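Heads up, upload-v4.cif below (mmCIF, C-alpha atoms):
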```cif
data_start
loop_
_atom_site.label_atom_id
_atom_site.label_comp_id
_atom_site.auth_asym_id
_atom_site.auth_seq_id
_atom_site.Cartn_x
_atom_site.Cartn_y
_atom_site.Cartn_z
CA GLY A 9 -49.95 10.82 10.79
CA ASN A 10 -52.69 8.24 11.45
CA CYS A 11 -56.30 9.09 10.44
CA GLY A 12 -55.25 12.59 9.55
CA VAL A 13 -53.68 13.58 12.86
CA ASP A 14 -51.61 16.69 12.29
CA GLU A 15 -48.66 16.09 14.61
CA GLN A 16 -46.92 19.28 13.50
CA THR A 17 -49.86 21.44 14.61
CA ILE A 18 -50.08 19.63 17.96
CA ILE A 19 -46.33 20.15 18.47
CA ASP A 20 -46.46 23.81 17.40
CA ILE A 21 -49.35 24.67 19.67
CA LEU A 22 -48.55 22.69 22.81
CA THR A 23 -44.76 23.08 23.01
CA LYS A 24 -44.93 26.85 22.53
CA ARG A 25 -47.31 27.52 25.43
CA THR A 26 -46.98 27.60 29.20
CA TYR A 27 -48.74 24.97 31.30
CA SER A 28 -51.53 27.39 32.26
CA GLN A 29 -52.10 28.20 28.58
CA ARG A 30 -52.22 24.48 27.78
CA ARG A 31 -54.88 24.06 30.49
CA GLU A 32 -56.91 26.87 28.88
CA ILE A 33 -56.63 25.16 25.49
CA ALA A 34 -57.77 21.86 27.05
CA PHE A 35 -60.84 23.55 28.63
CA ALA A 36 -61.74 25.22 25.34
CA TYR A 37 -61.28 21.91 23.50
CA GLU A 38 -63.57 20.14 25.95
CA ARG A 39 -66.30 22.75 25.56
CA ARG A 40 -66.13 22.57 21.80
CA ALA A 41 -65.46 18.88 21.12
CA LYS A 42 -67.39 17.62 24.17
CA LYS A 43 -64.52 15.28 25.00
CA ASP A 44 -61.38 15.27 27.09
CA MET A 45 -58.33 16.60 25.24
CA VAL A 46 -55.81 14.38 27.05
CA SER A 47 -57.79 11.27 26.04
CA ALA A 48 -57.98 12.59 22.48
CA LEU A 49 -54.21 13.13 22.43
CA LYS A 50 -53.66 9.62 23.83
CA GLY A 51 -55.77 8.22 21.03
CA ALA A 52 -54.08 10.28 18.34
CA LEU A 53 -50.42 9.98 19.29
CA SER A 54 -48.01 7.18 20.05
CA GLY A 55 -44.43 6.45 21.07
CA SER A 56 -41.97 9.07 22.25
CA LEU A 57 -44.00 12.00 20.94
CA GLU A 58 -47.00 10.87 22.97
CA THR A 59 -44.84 10.69 26.11
CA VAL A 60 -43.64 14.27 25.60
CA ILE A 61 -47.07 15.74 24.80
CA LEU A 62 -48.86 13.94 27.65
CA GLY A 63 -46.07 15.09 29.99
CA LEU A 64 -46.73 18.67 28.93
CA MET A 65 -50.41 18.30 29.85
CA LYS A 66 -49.38 17.89 33.51
CA SER A 67 -48.24 20.75 35.71
CA PRO A 68 -44.50 20.59 36.61
CA SER A 69 -45.32 19.22 40.06
CA GLN A 70 -47.85 16.70 38.71
CA TYR A 71 -45.22 15.55 36.23
CA ASP A 72 -42.55 15.21 38.93
CA ALA A 73 -44.93 13.42 41.30
CA SER A 74 -45.89 10.94 38.54
CA GLU A 75 -42.25 10.27 37.64
CA ILE A 76 -41.39 9.65 41.30
CA ARG A 77 -44.40 7.37 41.67
CA GLY A 78 -43.35 5.49 38.54
CA SER A 79 -39.86 4.93 39.94
CA ILE A 80 -41.25 3.42 43.17
CA LYS A 81 -44.31 1.51 41.98
CA GLY A 82 -44.18 -2.11 40.92
CA LEU A 83 -41.33 -4.54 41.14
CA GLY A 84 -37.94 -3.13 41.97
CA THR A 85 -37.12 0.53 42.37
CA ASP A 86 -35.68 2.70 39.63
CA GLU A 87 -33.14 4.24 42.02
CA GLU A 88 -31.53 6.41 39.38
CA THR A 89 -34.78 8.25 38.62
CA LEU A 90 -35.76 8.49 42.28
CA ILE A 91 -32.35 9.98 43.17
CA GLU A 92 -32.43 12.46 40.29
CA MET A 93 -35.94 13.64 41.13
CA LEU A 94 -35.52 14.04 44.88
CA CYS A 95 -31.93 15.30 45.00
CA SER A 96 -32.32 17.92 42.27
CA ARG A 97 -35.57 19.56 43.35
CA SER A 98 -35.67 22.77 45.35
CA ASN A 99 -37.33 22.91 48.73
CA SER A 100 -40.39 24.72 47.34
CA GLU A 101 -40.65 22.22 44.49
CA LEU A 102 -40.56 19.34 47.00
CA VAL A 103 -43.28 20.93 49.15
CA GLU A 104 -45.49 21.20 46.06
CA ILE A 105 -44.62 17.67 44.83
CA LYS A 106 -45.60 16.19 48.22
CA LYS A 107 -48.97 17.92 48.12
CA VAL A 108 -49.69 16.83 44.54
CA TYR A 109 -48.42 13.29 45.19
CA LYS A 110 -51.01 12.93 47.94
CA GLU A 111 -53.78 14.34 45.73
CA LEU A 112 -52.92 12.07 42.81
CA PHE A 113 -52.06 8.80 44.56
CA LYS A 114 -53.77 9.10 47.96
CA LYS A 115 -50.44 8.22 49.58
CA GLU A 116 -47.77 10.05 51.56
CA LEU A 117 -44.58 10.51 49.55
CA GLU A 118 -42.45 10.23 52.69
CA LYS A 119 -43.98 6.86 53.59
CA ASP A 120 -43.61 5.54 50.04
CA VAL A 121 -39.96 6.60 49.84
CA ALA A 122 -39.17 5.17 53.28
CA GLY A 123 -40.97 1.93 52.43
CA ASP A 124 -39.03 1.50 49.24
CA THR A 125 -35.48 2.23 50.38
CA SER A 126 -33.36 1.37 53.40
CA GLY A 127 -30.44 2.43 55.59
CA ASN A 128 -28.70 5.75 55.03
CA PHE A 129 -30.14 5.93 51.52
CA ALA A 130 -33.65 6.01 53.02
CA LYS A 131 -32.57 8.50 55.71
CA LEU A 132 -31.15 10.89 53.13
CA LEU A 133 -34.15 10.76 50.79
CA VAL A 134 -36.64 11.08 53.65
CA ALA A 135 -34.71 14.09 54.99
CA LEU A 136 -35.06 15.72 51.56
CA VAL A 137 -38.77 14.89 51.35
CA LYS A 138 -39.29 16.51 54.78
CA ALA A 139 -38.32 19.74 52.99
CA LYS A 140 -36.57 21.36 55.94
CA ARG A 141 -34.01 23.28 53.88
CA ALA A 142 -33.48 26.83 55.15
CA ALA A 143 -34.39 29.70 52.85
CA ALA A 144 -31.49 31.71 51.42
CA SER A 145 -30.59 34.61 53.68
CA ALA A 146 -29.15 38.00 52.80
CA ILE A 147 -26.81 37.68 55.78
CA VAL A 148 -23.69 35.59 55.23
CA ASP A 149 -22.81 33.74 58.45
CA TYR A 150 -19.08 33.08 58.18
CA ASP A 151 -18.88 31.31 61.55
CA LYS A 152 -21.64 28.89 60.55
CA ILE A 153 -20.00 28.33 57.15
CA ASP A 154 -16.73 27.44 58.86
CA GLN A 155 -18.48 25.27 61.45
CA ASP A 156 -20.36 23.27 58.80
CA ALA A 157 -17.27 22.85 56.62
CA ARG A 158 -15.31 21.56 59.58
CA ALA A 159 -18.15 19.26 60.63
CA LEU A 160 -18.33 17.74 57.13
CA TYR A 161 -14.57 17.13 57.24
CA GLU A 162 -14.47 15.81 60.80
CA SER A 163 -17.40 13.45 60.27
CA GLY A 164 -15.96 12.10 57.02
CA VAL A 165 -12.48 12.29 55.56
CA LYS A 166 -10.81 12.92 58.93
CA ILE A 167 -12.11 9.77 60.63
CA LYS A 168 -12.21 6.09 59.82
CA GLY A 169 -15.72 5.46 58.48
CA THR A 170 -18.26 8.21 57.92
CA ASP A 171 -20.79 9.80 60.23
CA VAL A 172 -23.44 9.92 57.52
CA PRO A 173 -26.24 11.45 59.67
CA THR A 174 -24.11 14.60 60.13
CA TRP A 175 -23.63 14.85 56.36
CA ILE A 176 -27.35 14.35 55.84
CA SER A 177 -28.44 17.06 58.25
CA ILE A 178 -26.00 19.66 56.89
CA MET A 179 -26.68 18.90 53.24
CA THR A 180 -30.47 18.74 53.52
CA GLU A 181 -31.14 21.55 55.99
CA ARG A 182 -28.88 24.45 54.95
CA SER A 183 -29.69 26.88 52.16
CA VAL A 184 -28.06 26.40 48.76
CA PRO A 185 -25.99 29.64 48.79
CA HIS A 186 -24.77 28.77 52.29
CA LEU A 187 -23.74 25.27 51.16
CA GLN A 188 -21.92 26.65 48.13
CA LYS A 189 -19.75 28.65 50.54
CA VAL A 190 -19.44 25.63 52.87
CA PHE A 191 -18.13 23.47 50.01
CA ASP A 192 -15.64 26.17 49.15
CA ARG A 193 -14.49 26.50 52.76
CA TYR A 194 -14.35 22.69 53.03
CA LYS A 195 -11.33 22.70 50.71
CA SER A 196 -9.28 24.46 53.37
CA TYR A 197 -9.81 21.49 55.71
CA SER A 198 -9.89 18.51 53.38
CA PRO A 199 -7.32 17.38 50.82
CA TYR A 200 -10.29 16.40 48.61
CA ASP A 201 -13.17 18.59 47.44
CA MET A 202 -16.71 17.65 48.41
CA GLN A 203 -17.45 15.46 45.40
CA GLU A 204 -14.17 13.55 45.72
CA SER A 205 -14.83 13.11 49.44
CA ILE A 206 -18.27 11.67 48.69
CA ARG A 207 -16.72 9.19 46.25
CA LYS A 208 -14.18 8.10 48.86
CA GLU A 209 -16.48 7.98 51.88
CA VAL A 210 -19.74 6.31 50.78
CA LYS A 211 -20.84 3.73 48.25
CA GLY A 212 -23.82 2.69 46.13
CA ASP A 213 -27.10 4.61 46.21
CA VAL A 214 -25.91 6.79 49.10
CA GLN A 215 -22.93 7.89 47.04
CA SER A 216 -25.06 8.55 43.96
CA SER A 217 -27.52 10.60 46.03
CA PHE A 218 -24.90 12.76 47.73
CA LEU A 219 -23.18 13.33 44.38
CA VAL A 220 -26.38 14.52 42.71
CA LEU A 221 -27.09 16.70 45.73
CA ALA A 222 -23.57 18.20 45.71
CA GLN A 223 -23.64 18.78 41.94
CA CYS A 224 -27.04 20.48 42.17
CA ILE A 225 -25.85 22.65 45.05
CA GLU A 226 -22.78 23.70 43.07
CA ASN A 227 -24.55 24.27 39.73
CA LYS A 228 -27.93 22.68 39.11
CA GLN A 229 -28.17 23.64 35.43
CA LEU A 230 -24.74 22.09 34.76
CA PHE A 231 -25.94 18.93 36.51
CA PHE A 232 -28.87 18.70 34.07
CA ALA A 233 -26.60 19.53 31.11
CA ASN A 234 -24.33 16.63 32.13
CA ARG A 235 -27.30 14.28 32.50
CA LEU A 236 -28.54 15.24 29.03
CA HIS A 237 -25.07 14.69 27.60
CA ASP A 238 -24.90 11.24 29.25
CA ALA A 239 -28.35 10.41 27.88
CA MET A 240 -27.14 10.99 24.33
CA LYS A 241 -23.61 9.58 24.58
CA SER A 242 -24.54 6.10 23.47
CA LYS A 243 -25.83 5.10 20.02
CA GLY A 244 -29.49 4.92 20.98
CA ALA A 245 -30.35 7.99 23.06
CA LYS A 246 -31.80 7.17 26.47
CA GLU A 247 -35.13 8.67 25.51
CA LYS A 248 -36.75 8.29 28.92
CA LEU A 249 -34.07 10.44 30.56
CA LEU A 250 -33.97 12.94 27.71
CA THR A 251 -37.75 13.35 27.78
CA ARG A 252 -37.89 13.64 31.56
CA ILE A 253 -35.33 16.42 31.82
CA VAL A 254 -36.61 18.47 28.87
CA VAL A 255 -40.26 18.17 29.91
CA SER A 256 -39.73 18.65 33.66
CA ARG A 257 -37.42 21.67 33.28
CA CYS A 258 -38.99 23.40 30.26
CA GLU A 259 -40.81 25.88 32.50
CA VAL A 260 -38.19 25.99 35.23
CA ASP A 261 -34.67 26.48 33.92
CA LEU A 262 -34.29 24.84 30.51
CA ARG A 263 -32.93 28.03 28.90
CA LYS A 264 -30.15 28.12 31.50
CA VAL A 265 -29.53 24.40 31.02
CA CYS A 266 -29.08 25.08 27.28
CA ASN A 267 -26.57 27.84 28.07
CA GLU A 268 -24.58 25.60 30.45
CA TYR A 269 -24.64 22.80 27.88
CA LYS A 270 -23.17 25.00 25.15
CA ALA A 271 -20.56 26.50 27.48
CA HIS A 272 -19.51 23.10 28.79
CA PHE A 273 -19.64 20.88 25.71
CA GLY A 274 -18.94 23.43 22.97
CA GLN A 275 -21.99 22.29 21.05
CA SER A 276 -25.56 23.42 21.56
CA LEU A 277 -28.06 21.08 23.18
CA GLN A 278 -30.28 21.61 20.12
CA GLN A 279 -27.49 20.38 17.84
CA THR A 280 -26.89 17.29 20.00
CA ILE A 281 -30.61 16.49 20.11
CA SER A 282 -30.76 16.82 16.31
CA GLU A 283 -27.98 14.26 15.95
CA HIS A 284 -29.46 11.69 18.35
CA THR A 285 -33.23 11.78 17.81
CA LYS A 286 -35.57 11.85 14.84
CA GLY A 287 -39.02 12.65 13.51
CA ASP A 288 -41.79 14.30 15.53
CA TYR A 289 -40.08 13.44 18.81
CA GLN A 290 -37.07 15.48 17.73
CA LYS A 291 -39.28 18.38 16.59
CA ALA A 292 -41.07 18.47 19.96
CA LEU A 293 -37.84 18.47 21.98
CA LEU A 294 -36.25 21.17 19.81
CA SER A 295 -39.37 23.29 20.07
CA LEU A 296 -39.28 23.02 23.88
CA CYS A 297 -35.60 24.01 23.95
CA GLY A 298 -36.38 27.05 21.82
CA PRO A 299 -34.06 28.65 19.27
CA GLU A 300 -30.31 28.54 19.81
CA GLU A 301 -29.08 31.73 21.45
#
```

Rewrite the coordinates I just gave you, this time as structure tokens.
Amino acid sequence: GNCGVDEQTIIDILTKRTYSQRREIAFAYERRAKKDMVSALKGALSGSLETVILGLMKSPSQYDASEIRGSIKGLGTDEETLIEMLCSRSNSELVEIKKVYKELFKKELEKDVAGDTSGNFAKLLVALVKAKRAAASAIVDYDKIDQDARALYESGVKIKGTDVPTWISIMTERSVPHLQKVFDRYKSYSPYDMQESIRKEVKGDVQSSFLVLAQCIENKQLFFANRLHDAMKSKGAKEKLLTRIVVSRCEVDLRKVCNEYKAHFGQSLQQTISEHTKGDYQKALLSLCGPEE
């Protein structure tokens, strides 16, 4: 490393702790060294490793808020990132992200998203940001499941055109377990399953958003496993995507993502990362994934 920076020690310590433990370490560092640890890390590290380590020094919601802000700020929107972040986060995560977004950037997330997108794409993302999704209930409402399934069919595949607002309200306001049953019931009305229907009915960013939403409703960890696989399919791994998913999910559901990856692709995520990355960046990612089970 440069000027005697011990990357291995930094990786070992910071990737093996929780966020709250990393905060404790940063406070202790500040007391002892009389300087800010994040600034020290910025000065000591560079490249992909720096991106991972600095990401770990943010809380999950600070990290998500910053990634969303990055996808909106400046010229042109990074729709792919914006869609992934907003359509894959749980209601409670979105509530927290909104709060942190305001603290960090002195702006309302809803306004920023609305100002940066248009049409049904904007309506869908804003509906998600409003965080109106119902909590999961112990009571299964079969009538409501049937009603929603029929409404999705009758406002889409059954008619010419698509009544997108109906799709938006059902898919952003119902609980995830309820929607899983709705999608299942939907197959008894529609010749196509929900994902195929989305592909047939809408285009562009609206299609991408509904697909991410549907995939996350059906199996969120498989969605992330697929994204990771896509990120490493090409010769040069899409490091930005790889980093974002590993860092943002390492304290949420990364173990489960690893399990889905192995079950789905027949190779462990750790093995795939080893083949497509190198050096300290690779070490940090593998450490965050933990040992193969």

Under the PyMOL selection byres ((chain A and resi 297) around 12), which residues of this model are included? Write them out as a CSV table (one decimal) with C-alpha atoms, in the coordinates of the input.
```csv
chain,number,residue,atom,x,y,z
A,23,THR,CA,-44.8,23.1,23.0
A,24,LYS,CA,-44.9,26.8,22.5
A,250,LEU,CA,-34.0,12.9,27.7
A,251,THR,CA,-37.8,13.4,27.8
A,253,ILE,CA,-35.3,16.4,31.8
A,254,VAL,CA,-36.6,18.5,28.9
A,255,VAL,CA,-40.3,18.2,29.9
A,256,SER,CA,-39.7,18.6,33.7
A,257,ARG,CA,-37.4,21.7,33.3
A,258,CYS,CA,-39.0,23.4,30.3
A,259,GLU,CA,-40.8,25.9,32.5
A,260,VAL,CA,-38.2,26.0,35.2
A,261,ASP,CA,-34.7,26.5,33.9
A,262,LEU,CA,-34.3,24.8,30.5
A,263,ARG,CA,-32.9,28.0,28.9
A,264,LYS,CA,-30.2,28.1,31.5
A,265,VAL,CA,-29.5,24.4,31.0
A,266,CYS,CA,-29.1,25.1,27.3
A,267,ASN,CA,-26.6,27.8,28.1
A,269,TYR,CA,-24.6,22.8,27.9
A,276,SER,CA,-25.6,23.4,21.6
A,277,LEU,CA,-28.1,21.1,23.2
A,278,GLN,CA,-30.3,21.6,20.1
A,279,GLN,CA,-27.5,20.4,17.8
A,280,THR,CA,-26.9,17.3,20.0
A,281,ILE,CA,-30.6,16.5,20.1
A,282,SER,CA,-30.8,16.8,16.3
A,290,GLN,CA,-37.1,15.5,17.7
A,291,LYS,CA,-39.3,18.4,16.6
A,292,ALA,CA,-41.1,18.5,20.0
A,293,LEU,CA,-37.8,18.5,22.0
A,294,LEU,CA,-36.2,21.2,19.8
A,295,SER,CA,-39.4,23.3,20.1
A,296,LEU,CA,-39.3,23.0,23.9
A,298,GLY,CA,-36.4,27.0,21.8
A,299,PRO,CA,-34.1,28.6,19.3
A,300,GLU,CA,-30.3,28.5,19.8
A,301,GLU,CA,-29.1,31.7,21.4
```

Report task. Convert the output of the PyMOL selection byres ((chain A and resi 237) around 10) on the shown file into explicit residues, formatted as a ChimeraX atom specification. Result -> /A:231-236,238-242,245,250,269,273,277,280-281

Serialized selection, C-alpha atoms, as a compact mmCIF listing (two decimals), in the coordinates of the input:
```
# COMPACT_ATOMS: atom_id res chain seq x y z
CA PHE A 231 -25.94 18.93 36.51
CA PHE A 232 -28.87 18.70 34.07
CA ALA A 233 -26.60 19.53 31.11
CA ASN A 234 -24.33 16.63 32.13
CA ARG A 235 -27.30 14.28 32.50
CA LEU A 236 -28.54 15.24 29.03
CA ASP A 238 -24.90 11.24 29.25
CA ALA A 239 -28.35 10.41 27.88
CA MET A 240 -27.14 10.99 24.33
CA LYS A 241 -23.61 9.58 24.58
CA SER A 242 -24.54 6.10 23.47
CA ALA A 245 -30.35 7.99 23.06
CA LEU A 250 -33.97 12.94 27.71
CA TYR A 269 -24.64 22.80 27.88
CA PHE A 273 -19.64 20.88 25.71
CA LEU A 277 -28.06 21.08 23.18
CA THR A 280 -26.89 17.29 20.00
CA ILE A 281 -30.61 16.49 20.11
```

Requested in this report: Give me the residues within 7 Å of stretch 108-123 of chain A as an NGL selection string, counting only C-alpha atoms and dropping any in the same chain fewer than 2 places off.
Outcome: :A and (69-70 or 73 or 104-106 or 125-126 or 130 or 134 or 137)

Report task. Could you give me, as a list in words, the residues within 10 Å of A:Leu136, counting all atoms listed in the file and dropping anything in the same chain fewer than 2 positions from it? Result ->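 Neighbouring residues, sequence-local ones excluded: Leu94, Cys95, Ser96, Arg97, Ser98, Asn99, Leu102, Glu118, Ala130, Lys131, Leu132, Leu133, Val134, Lys138, Ala139, Lys140, Arg141, Ile176, Ser177, Met179, Thr180, Glu181 and Leu221 of chain A.
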
Query - Nearby residues, (-28.4, 8.1, 16.9) file frame, 6 Å, all atoms listed in the file, as a VMD selection string - result: chain A and resid 243 to 244 284

Could you give me the centre and size, in Å to one decimal, of an axis-aligned box around all listed atoms of stretch 159-170 of chain A with 8 Å added on every side, as lines of an AutoDock Vina configuration file?
```
center_x = -14.6
center_y = 12.4
center_z = 58.2
size_x = 23.5
size_y = 29.8
size_z = 21.2
```
